[in-house]
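For reference, run27.tsv is printed below; it contains TSV, C-alpha atoms.
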```tsv
chain	number	residue	atom	x	y	z
A	199	MET	CA	-30.39	208.84	-137.05
A	200	ASP	CA	-27.37	210.83	-135.89
A	201	ILE	CA	-29.09	213.30	-133.58
A	202	ARG	CA	-27.01	216.35	-132.68
A	203	LEU	CA	-29.84	218.77	-131.82
A	204	ILE	CA	-33.26	218.27	-130.23
A	205	ILE	CA	-35.84	221.06	-130.43
A	206	PHE	CA	-38.53	220.62	-127.78
A	207	ASP	CA	-41.97	222.09	-127.43
A	208	PHE	CA	-42.68	223.17	-123.84
A	209	ASP	CA	-46.38	222.95	-122.86
A	210	GLY	CA	-47.51	219.33	-122.89
A	211	THR	CA	-44.02	218.05	-123.72
A	212	ILE	CA	-41.68	219.26	-120.97
A	213	GLY	CA	-44.04	221.07	-118.61
A	214	ASP	CA	-47.38	219.73	-117.41
A	215	THR	CA	-49.27	223.00	-117.76
A	216	ARG	CA	-52.66	221.75	-118.96
A	217	ARG	CA	-54.49	222.51	-115.69
A	218	ASN	CA	-52.89	225.95	-115.43
A	219	VAL	CA	-53.74	226.84	-119.01
A	220	VAL	CA	-57.31	225.55	-118.97
A	221	VAL	CA	-58.22	227.08	-115.60
A	222	THR	CA	-56.69	230.42	-116.62
A	223	MET	CA	-58.57	230.44	-119.93
A	224	GLN	CA	-61.86	229.68	-118.20
A	225	GLN	CA	-61.26	232.35	-115.54
A	226	THR	CA	-60.41	234.86	-118.26
A	227	LEU	CA	-63.69	234.21	-120.06
A	228	GLU	CA	-65.60	234.42	-116.78
A	229	GLU	CA	-63.96	237.70	-115.73
A	230	LEU	CA	-64.74	239.31	-119.09
A	231	HIS	CA	-68.31	237.95	-119.13
A	232	LEU	CA	-67.68	235.94	-122.29
A	233	PRO	CA	-69.20	232.54	-123.21
A	234	GLU	CA	-67.94	229.57	-121.23
A	235	ARG	CA	-65.76	226.98	-122.95
A	236	SER	CA	-65.16	223.38	-121.88
A	237	GLU	CA	-61.87	221.95	-120.67
A	238	GLU	CA	-61.57	220.00	-123.92
A	239	ALA	CA	-62.12	223.10	-126.05
A	240	CYS	CA	-59.53	225.08	-124.11
A	241	ALA	CA	-56.97	222.26	-124.11
A	242	ALA	CA	-57.35	221.81	-127.86
A	243	THR	CA	-55.83	225.27	-128.39
A	244	ILE	CA	-52.64	224.55	-126.43
A	245	GLY	CA	-49.58	224.93	-128.63
A	246	ILE	CA	-50.62	227.93	-130.68
A	247	PRO	CA	-50.01	231.61	-129.83
A	248	LEU	CA	-52.25	232.98	-127.09
A	249	GLU	CA	-54.23	235.40	-129.23
A	250	ASP	CA	-54.96	232.59	-131.70
A	251	CYS	CA	-56.23	230.43	-128.82
A	252	PHE	CA	-58.92	233.01	-128.08
A	253	ARG	CA	-59.68	233.48	-131.77
A	254	GLU	CA	-60.51	229.77	-131.91
A	255	LEU	CA	-62.52	229.84	-128.69
A	256	LEU	CA	-64.37	233.05	-129.67
A	257	PRO	CA	-64.66	233.04	-133.47
A	258	ASP	CA	-67.09	235.97	-133.50
A	259	ALA	CA	-65.10	238.21	-131.16
A	260	THR	CA	-63.57	241.48	-132.33
A	261	GLU	CA	-59.81	241.97	-132.33
A	262	ASP	CA	-60.09	244.33	-129.37
A	263	VAL	CA	-61.80	241.60	-127.35
A	264	ILE	CA	-59.13	239.07	-128.36
A	265	LEU	CA	-56.36	241.40	-127.19
A	266	GLU	CA	-58.20	242.04	-123.93
A	267	CYS	CA	-58.52	238.28	-123.40
A	268	ALA	CA	-54.79	237.78	-123.96
A	269	ALA	CA	-53.85	240.55	-121.54
A	270	THR	CA	-56.27	239.26	-118.90
A	271	TYR	CA	-55.00	235.69	-119.35
A	272	ARG	CA	-51.40	236.75	-118.83
A	273	ARG	CA	-52.29	238.58	-115.61
A	274	ILE	CA	-54.32	235.69	-114.20
A	275	PHE	CA	-51.70	233.11	-115.24
A	276	GLU	CA	-49.07	234.87	-113.12
A	277	ILE	CA	-51.40	234.65	-110.11
A	278	ASN	CA	-52.31	231.02	-110.74
A	279	LYS	CA	-48.69	230.04	-111.28
A	280	GLU	CA	-47.95	230.61	-107.61
A	281	ARG	CA	-50.73	228.34	-106.35
A	282	MET	CA	-50.60	225.77	-109.18
A	283	ARG	CA	-46.89	225.70	-109.96
A	284	PRO	CA	-46.41	223.71	-113.19
A	285	GLN	CA	-44.18	220.66	-112.89
A	286	PRO	CA	-42.14	218.75	-115.46
A	287	PHE	CA	-43.61	215.48	-116.71
A	288	PRO	CA	-42.19	212.23	-115.31
A	289	HIS	CA	-38.59	211.43	-116.32
A	290	VAL	CA	-38.02	214.82	-117.96
A	291	ALA	CA	-35.30	216.05	-115.59
A	292	GLU	CA	-33.22	212.88	-115.61
A	293	THR	CA	-33.59	212.41	-119.37
A	294	LEU	CA	-32.51	215.98	-120.12
A	295	LYS	CA	-29.51	215.46	-117.83
A	296	THR	CA	-28.54	212.29	-119.70
A	297	LEU	CA	-28.91	213.94	-123.11
A	298	HIS	CA	-26.82	216.88	-121.91
A	299	GLU	CA	-24.10	214.52	-120.69
A	300	GLN	CA	-24.16	212.81	-124.10
A	301	GLY	CA	-23.37	216.13	-125.75
A	302	ILE	CA	-26.77	216.58	-127.42
A	303	GLN	CA	-27.62	220.24	-127.99
A	304	MET	CA	-31.14	221.07	-126.77
A	305	THR	CA	-33.46	224.01	-127.38
A	306	VAL	CA	-37.09	224.98	-126.89
A	307	ALA	CA	-39.47	226.36	-129.52
A	308	THR	CA	-42.74	227.32	-127.86
A	309	SER	CA	-45.87	229.32	-128.57
A	310	ARG	CA	-45.52	230.71	-125.04
A	311	GLY	CA	-43.78	234.06	-124.58
A	312	LEU	CA	-40.00	233.93	-124.20
A	313	GLU	CA	-39.88	235.39	-120.67
A	314	SER	CA	-42.65	233.05	-119.55
A	315	VAL	CA	-40.85	229.90	-120.70
A	316	LYS	CA	-37.58	231.13	-119.15
A	317	ASP	CA	-39.37	231.64	-115.84
A	318	LEU	CA	-41.04	228.22	-115.93
A	319	LEU	CA	-37.87	226.34	-116.91
A	320	THR	CA	-35.96	228.14	-114.15
A	321	GLY	CA	-38.65	227.23	-111.61
A	322	MET	CA	-38.46	223.59	-112.70
A	323	GLY	CA	-34.67	223.57	-112.38
A	324	LEU	CA	-34.20	222.72	-116.06
A	325	ILE	CA	-32.97	225.96	-117.62
A	326	GLN	CA	-29.31	224.86	-117.57
A	327	TYR	CA	-29.92	222.11	-120.11
A	328	PHE	CA	-31.00	224.42	-122.93
A	329	ASP	CA	-28.65	226.32	-125.22
A	330	TYR	CA	-31.35	228.36	-126.94
A	331	LEU	CA	-34.94	229.37	-126.24
A	332	LEU	CA	-37.40	230.68	-128.80
A	333	GLY	CA	-40.85	232.02	-127.87
A	334	ALA	CA	-43.89	233.18	-129.80
A	335	ASP	CA	-42.53	236.72	-129.56
A	336	SER	CA	-39.22	235.63	-131.14
A	337	VAL	CA	-40.68	234.95	-134.61
A	338	THR	CA	-43.24	236.43	-137.00
A	339	LYS	CA	-44.65	233.09	-138.18
A	340	HIS	CA	-45.77	230.44	-135.73
A	341	LYS	CA	-46.42	226.71	-135.58
A	342	PRO	CA	-47.16	224.87	-137.82
A	343	ASP	CA	-45.04	227.19	-139.98
A	344	PRO	CA	-41.40	225.98	-139.98
A	345	GLU	CA	-39.96	229.41	-139.10
A	346	PRO	CA	-39.27	228.63	-135.39
A	347	VAL	CA	-37.23	225.56	-136.39
A	348	LEU	CA	-35.53	227.25	-139.34
A	349	GLN	CA	-34.51	230.20	-137.16
A	350	THR	CA	-33.12	227.83	-134.53
A	351	LEU	CA	-31.12	225.95	-137.16
A	352	ARG	CA	-29.72	229.18	-138.57
A	353	ASP	CA	-28.78	230.65	-135.21
A	354	LEU	CA	-27.07	227.45	-134.05
A	355	ASN	CA	-25.57	226.62	-137.45
A	356	ALA	CA	-27.24	223.21	-137.18
A	357	ASP	CA	-28.22	220.68	-139.83
A	358	ALA	CA	-31.88	219.70	-140.23
A	359	SER	CA	-30.86	216.13	-141.06
A	360	GLN	CA	-29.34	215.81	-137.58
A	361	THR	CA	-32.21	217.50	-135.75
A	362	LEU	CA	-35.22	215.97	-133.97
A	363	VAL	CA	-38.30	218.06	-133.16
A	364	VAL	CA	-40.31	216.77	-130.17
A	365	GLY	CA	-43.82	217.91	-129.29
A	366	ASP	CA	-47.26	216.85	-128.12
A	367	MET	CA	-49.41	218.53	-130.79
A	368	PRO	CA	-49.83	218.11	-134.55
A	369	VAL	CA	-48.58	221.69	-135.05
A	370	ASP	CA	-45.21	220.64	-133.56
A	371	ILE	CA	-44.93	217.69	-135.92
A	372	LEU	CA	-45.88	219.74	-138.97
A	373	MET	CA	-43.45	222.52	-138.00
A	374	GLY	CA	-40.55	220.09	-137.74
A	375	ALA	CA	-41.36	218.16	-140.90
A	376	ARG	CA	-41.73	221.33	-142.95
A	377	ALA	CA	-38.24	222.35	-141.84
A	378	GLY	CA	-36.81	219.03	-143.02
A	379	CYS	CA	-36.31	217.51	-139.57
A	380	LYS	CA	-37.34	214.19	-138.10
A	381	THR	CA	-40.19	214.47	-135.63
A	382	CYS	CA	-41.31	212.76	-132.43
A	383	GLY	CA	-44.75	213.01	-130.88
A	384	VAL	CA	-45.43	212.41	-127.18
A	385	THR	CA	-48.76	210.86	-126.23
A	386	TYR	CA	-48.95	212.08	-122.61
A	387	GLY	CA	-49.64	215.71	-123.60
A	388	ASN	CA	-52.67	217.27	-125.24
A	389	ALA	CA	-53.15	215.29	-128.45
A	390	SER	CA	-53.91	211.64	-129.12
A	391	ARG	CA	-51.64	209.06	-130.72
A	392	GLU	CA	-53.95	209.04	-133.73
A	393	GLU	CA	-53.66	212.81	-134.18
A	394	LEU	CA	-49.87	212.60	-134.00
A	395	GLN	CA	-49.83	209.75	-136.50
A	396	GLU	CA	-52.08	211.68	-138.85
A	397	ALA	CA	-49.70	214.65	-138.64
A	398	GLY	CA	-46.91	212.35	-139.84
A	399	ALA	CA	-44.72	211.92	-136.73
A	400	ASP	CA	-41.66	209.77	-137.48
A	401	PHE	CA	-41.61	208.50	-133.90
A	402	ILE	CA	-44.26	208.39	-131.18
A	403	ILE	CA	-43.40	207.80	-127.52
A	404	ASP	CA	-45.47	207.33	-124.37
A	405	ASP	CA	-42.73	208.32	-121.91
A	406	PHE	CA	-40.25	211.20	-122.18
A	407	ALA	CA	-37.40	208.82	-121.31
A	408	ASN	CA	-38.06	206.87	-124.52
A	409	ILE	CA	-36.31	209.67	-126.43
A	410	LEU	CA	-33.07	207.96	-125.38
A	411	ALA	CA	-34.00	204.90	-127.45
A	412	ILE	CA	-34.66	206.77	-130.72
A	413	GLU	CA	-32.15	205.79	-133.39
```

Starting from the file, lay out its structure as structure tokens.
Amino acid sequence: MDIRLIIFDFDGTIGDTRRNVVVTMQQTLEELHLPERSEEACAATIGIPLEDCFRELLPDATEDVILECAATYRRIFEINKERMRPQPFPHVAETLKTLHEQGIQMTVATSRGLESVKDLLTGMGLIQYFDYLLGADSVTKHKPDPEPVLQTLRDLNADASQTLVVGDMPVDILMGARAGCKTCGVTYGNASREELQEAGADFIIDDFANILAIE
């Protein structure tokens, strides 16, 4: 395919944030004296907006409790970020550099807040490779709805047929496919190869650098 634009997910695709996210979720529940949740249960919510993560973890909680969880999580995450600074996955930096040199336009569509992803990409030394960033607070509908991709395409005047959406979760694959784009799942994040296949990923890679071989 003639790829002109790549839309990346962030958590689990570019940034290795699993430990940060899981620990922060568990500390949030502990601080608010809410039921404990396992690492697997917390990690399974990565990729959806924060409030929805807690709705899944606490299905019987009131909306006030959900909002308190989200606010507490954001506060604790900022503290944890300094002692557990998230790092990019292997080969991310050099691959982004190569894609940039090839003239490929690159963006991020994440369920993380816009300022948060800007801060993390800046800390990783990767911000310069991205022409456009879209966070959960940039749209009204979230993954797996196609709105984040459709908005990116509109704002960049890009063609879906020349766009690849890359992510580690089924919601990323569904979002891209519903917008008419080709999709690529990465297996080193938070979902299995089987889950990505079931979601309908056009390509599945085990190493970020393998994006360079997609045709």

State, in Å with one decimal place, the distance from atom CA of A:Ile403 to atom CA of A:Gly311.
26.4 Å

Can you pull out every residue within 9 Å of A:Ser309, counting all atoms listed in the file, but drop anything in the same chain fewer than 2 positions away, and send it as an NGL selection string?
:A and (207-209 or 244-248 or 307 or 311-312 or 332-335 or 340-341)

Those selected residues, please, written with C-alpha atoms and delivered as a PDB file, keeping the file's coordinate frame.
```
ATOM      1  CA  ASP A 207     -41.970 222.090-127.430  1.00  0.00           C
ATOM      2  CA  PHE A 208     -42.680 223.170-123.840  1.00  0.00           C
ATOM      3  CA  ASP A 209     -46.380 222.950-122.860  1.00  0.00           C
ATOM      4  CA  ILE A 244     -52.640 224.550-126.430  1.00  0.00           C
ATOM      5  CA  GLY A 245     -49.580 224.930-128.630  1.00  0.00           C
ATOM      6  CA  ILE A 246     -50.620 227.930-130.680  1.00  0.00           C
ATOM      7  CA  PRO A 247     -50.010 231.610-129.830  1.00  0.00           C
ATOM      8  CA  LEU A 248     -52.250 232.980-127.090  1.00  0.00           C
ATOM      9  CA  ALA A 307     -39.470 226.360-129.520  1.00  0.00           C
ATOM     10  CA  GLY A 311     -43.780 234.060-124.580  1.00  0.00           C
ATOM     11  CA  LEU A 312     -40.000 233.930-124.200  1.00  0.00           C
ATOM     12  CA  LEU A 332     -37.400 230.680-128.800  1.00  0.00           C
ATOM     13  CA  GLY A 333     -40.850 232.020-127.870  1.00  0.00           C
ATOM     14  CA  ALA A 334     -43.890 233.180-129.800  1.00  0.00           C
ATOM     15  CA  ASP A 335     -42.530 236.720-129.560  1.00  0.00           C
ATOM     16  CA  HIS A 340     -45.770 230.440-135.730  1.00  0.00           C
ATOM     17  CA  LYS A 341     -46.420 226.710-135.580  1.00  0.00           C
TER      18      LYS A 341
END
```

Give the centre and edge lengths of an axis-aligned box, in Å to one decimal, that holds all listed atoms of stretch 280-298 of chain A with 6 Å on each side, as JSON.
```
{"center_x": -38.8, "center_y": 221.0, "center_z": -114.7, "size_x": 35.9, "size_y": 31.2, "size_z": 28.8}
```

Which distance in Å separates atom CA of A:Thr211 and atom CA of A:Asp405, to one decimal?
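Straight-line distance from atom CA of A:Thr211 to atom CA of A:Asp405 works out to 10.0 Å.
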
Nearest residue to A:Ile402 out of A:Ala375, A:Leu354, A:Val364, A:Val306, using all atoms listed in the file?
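Distance minimum relative to A:Ile402 lands on A:Val364.
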
Gap from atom CA of A:His298 to atom CA of A:Met373 - Å, one decimal:
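One can read the atom CA of A:His298 to atom CA of A:Met373 distance as 23.8 Å.
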
Cut-off 12 Å: closest stretch 340-404 of chain A/stretch 215-231 of chain A atom pairs per residue, using all atoms listed in the file, as CSV:
```
residue,atom,partner,partner_atom,distance
A:Asp366,CA,A:Arg216,CA,11.7
A:Tyr386,CA,A:Arg216,CA,11.0
A:Gly387,CA,A:Arg216,CA,8.2
A:Asn388,CA,A:Arg216,CA,7.7
A:Ala389,CA,A:Arg216,CA,11.5
```

Write to file, as a compact mmCIF listing (two decimals), in the frame of the given file, the residues of the selection just made, with C-alpha atoms.
```txt
# COMPACT_ATOMS: atom_id res chain seq x y z
CA ASP A 366 -47.26 216.85 -128.12
CA TYR A 386 -48.95 212.08 -122.61
CA GLY A 387 -49.64 215.71 -123.60
CA ASN A 388 -52.67 217.27 -125.24
CA ALA A 389 -53.15 215.29 -128.45
```

Answer as an NGL selection string, residues within 7 Å of (-30.4, 221.8, -134.9) using all atoms listed in the file
:A and (202-204 or 350-351 or 354 or 356-358 or 360-361)

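Among the candidates A:Thr305, A:Asn408, A:Gln349, A:Asn355, the residue lying nearest to A:Val290 is A:Asn408 (atoms considered: all atoms listed in the file).
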
Shell around A:Leu294 at 12 Å using only C-alpha atoms, local window under 3 positions removed, as a ChimeraX atom specification:
/A:204-206,212,286-291,297-305,323-328,406-410

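Considering the residues A:Thr381, A:Gln395, A:Thr270, A:Ser390 and counting all atoms listed in the file, A:Ile412 has its shortest atom-to-atom contact with A:Thr381.
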
Determine, counting only C-alpha atoms, which protein, DNA and RNA residues have an atom within 9 Å of an atom of A:Ser359; residues of the same chain fewer than 4 positions away are not included. Present the result as a list of chain:residue names.
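Selected residues are A:Met199, A:Asp200, A:Ile201, A:Gly378, A:Cys379, A:Lys380.
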
Can I get stretch 342-375 of chain A with N, CA and C atoms filled in, as an mmCIF file, in the coordinates of the input?
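Wrote selection_30.cif, looks like this:
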```
data_model
loop_
_atom_site.group_PDB
_atom_site.id
_atom_site.type_symbol
_atom_site.label_atom_id
_atom_site.label_comp_id
_atom_site.auth_asym_id
_atom_site.auth_seq_id
_atom_site.Cartn_x
_atom_site.Cartn_y
_atom_site.Cartn_z
ATOM 1 N N PRO A 342 -48.029 225.901 -137.238
ATOM 2 C CA PRO A 342 -47.160 224.870 -137.820
ATOM 3 C C PRO A 342 -46.184 225.376 -138.889
ATOM 4 N N ASP A 343 -46.052 226.681 -139.066
ATOM 5 C CA ASP A 343 -45.040 227.190 -139.980
ATOM 6 C C ASP A 343 -43.653 226.754 -139.494
ATOM 7 N N PRO A 344 -42.724 226.451 -140.392
ATOM 8 C CA PRO A 344 -41.400 225.980 -139.980
ATOM 9 C C PRO A 344 -40.466 227.066 -139.443
ATOM 10 N N GLU A 345 -40.884 228.345 -139.470
ATOM 11 C CA GLU A 345 -39.960 229.410 -139.100
ATOM 12 C C GLU A 345 -39.272 229.220 -137.746
ATOM 13 N N PRO A 346 -39.978 228.799 -136.668
ATOM 14 C CA PRO A 346 -39.270 228.630 -135.390
ATOM 15 C C PRO A 346 -38.111 227.637 -135.483
ATOM 16 N N VAL A 347 -38.303 226.550 -136.226
ATOM 17 C CA VAL A 347 -37.230 225.560 -136.390
ATOM 18 C C VAL A 347 -36.136 226.109 -137.298
ATOM 19 N N LEU A 348 -36.523 226.716 -138.409
ATOM 20 C CA LEU A 348 -35.530 227.250 -139.340
ATOM 21 C C LEU A 348 -34.663 228.321 -138.682
ATOM 22 N N GLN A 349 -35.280 229.167 -137.857
ATOM 23 C CA GLN A 349 -34.510 230.200 -137.160
ATOM 24 C C GLN A 349 -33.543 229.563 -136.173
ATOM 25 N N THR A 350 -33.993 228.535 -135.462
ATOM 26 C CA THR A 350 -33.120 227.830 -134.530
ATOM 27 C C THR A 350 -31.927 227.219 -135.260
ATOM 28 N N LEU A 351 -32.191 226.573 -136.389
ATOM 29 C CA LEU A 351 -31.120 225.950 -137.160
ATOM 30 C C LEU A 351 -30.108 226.985 -137.641
ATOM 31 N N ARG A 352 -30.611 228.123 -138.106
ATOM 32 C CA ARG A 352 -29.720 229.180 -138.570
ATOM 33 C C ARG A 352 -28.863 229.727 -137.435
ATOM 34 N N ASP A 353 -29.496 230.021 -136.316
ATOM 35 C CA ASP A 353 -28.780 230.650 -135.210
ATOM 36 C C ASP A 353 -27.752 229.719 -134.574
ATOM 37 N N LEU A 354 -28.001 228.420 -134.639
ATOM 38 C CA LEU A 354 -27.070 227.450 -134.050
ATOM 39 C C LEU A 354 -26.177 226.800 -135.094
ATOM 40 N N ASN A 355 -26.348 227.208 -136.354
ATOM 41 C CA ASN A 355 -25.570 226.620 -137.450
ATOM 42 C C ASN A 355 -25.712 225.096 -137.445
ATOM 43 N N ALA A 356 -26.952 224.641 -137.301
ATOM 44 C CA ALA A 356 -27.240 223.210 -137.180
ATOM 45 C C ALA A 356 -27.827 222.675 -138.487
ATOM 46 N N ASP A 357 -27.757 221.370 -138.629
ATOM 47 C CA ASP A 357 -28.220 220.680 -139.830
ATOM 48 C C ASP A 357 -29.572 220.018 -139.549
ATOM 49 N N ALA A 358 -30.546 220.281 -140.411
ATOM 50 C CA ALA A 358 -31.880 219.700 -140.230
ATOM 51 C C ALA A 358 -31.842 218.175 -140.213
ATOM 52 N N SER A 359 -30.924 217.592 -140.980
ATOM 53 C CA SER A 359 -30.860 216.130 -141.060
ATOM 54 C C SER A 359 -30.373 215.501 -139.762
ATOM 55 N N GLN A 360 -29.810 216.316 -138.865
ATOM 56 C CA GLN A 360 -29.340 215.810 -137.580
ATOM 57 C C GLN A 360 -30.152 216.386 -136.414
ATOM 58 N N THR A 361 -31.364 216.840 -136.751
ATOM 59 C CA THR A 361 -32.210 217.500 -135.750
ATOM 60 C C THR A 361 -33.517 216.734 -135.577
ATOM 61 N N LEU A 362 -33.942 216.594 -134.322
ATOM 62 C CA LEU A 362 -35.220 215.970 -133.970
ATOM 63 C C LEU A 362 -36.090 217.012 -133.300
ATOM 64 N N VAL A 363 -37.331 217.147 -133.765
ATOM 65 C CA VAL A 363 -38.300 218.060 -133.160
ATOM 66 C C VAL A 363 -39.299 217.222 -132.361
ATOM 67 N N VAL A 364 -39.475 217.565 -131.082
ATOM 68 C CA VAL A 364 -40.310 216.770 -130.170
ATOM 69 C C VAL A 364 -41.453 217.643 -129.648
ATOM 70 N N GLY A 365 -42.683 217.157 -129.783
ATOM 71 C CA GLY A 365 -43.820 217.910 -129.290
ATOM 72 C C GLY A 365 -45.035 217.033 -129.079
ATOM 73 N N ASP A 366 -46.059 217.615 -128.453
ATOM 74 C CA ASP A 366 -47.260 216.850 -128.120
ATOM 75 C C ASP A 366 -48.440 217.145 -129.037
ATOM 76 N N MET A 367 -48.290 218.115 -129.950
ATOM 77 C CA MET A 367 -49.410 218.530 -130.790
ATOM 78 C C MET A 367 -49.077 218.392 -132.270
ATOM 79 N N PRO A 368 -50.088 218.183 -133.114
ATOM 80 C CA PRO A 368 -49.830 218.110 -134.550
ATOM 81 C C PRO A 368 -49.074 219.314 -135.098
ATOM 82 N N VAL A 369 -49.303 220.514 -134.543
ATOM 83 C CA VAL A 369 -48.580 221.690 -135.050
ATOM 84 C C VAL A 369 -47.076 221.553 -134.854
ATOM 85 N N ASP A 370 -46.645 220.864 -133.789
ATOM 86 C CA ASP A 370 -45.210 220.640 -133.560
ATOM 87 C C ASP A 370 -44.639 219.718 -134.632
ATOM 88 N N ILE A 371 -45.382 218.665 -134.931
ATOM 89 C CA ILE A 371 -44.930 217.690 -135.920
ATOM 90 C C ILE A 371 -44.849 218.342 -137.302
ATOM 91 N N LEU A 372 -45.866 219.083 -137.665
ATOM 92 C CA LEU A 372 -45.880 219.740 -138.970
ATOM 93 C C LEU A 372 -44.764 220.776 -139.074
ATOM 94 N N MET A 373 -44.528 221.529 -138.014
ATOM 95 C CA MET A 373 -43.450 222.520 -138.000
ATOM 96 C C MET A 373 -42.108 221.857 -138.270
ATOM 97 N N GLY A 374 -41.828 220.766 -137.571
ATOM 98 C CA GLY A 374 -40.550 220.090 -137.740
ATOM 99 C C GLY A 374 -40.390 219.475 -139.115
ATOM 100 N N ALA A 375 -41.435 218.820 -139.590
ATOM 101 C CA ALA A 375 -41.360 218.160 -140.900
ATOM 102 C C ALA A 375 -41.170 219.176 -142.014
#
```
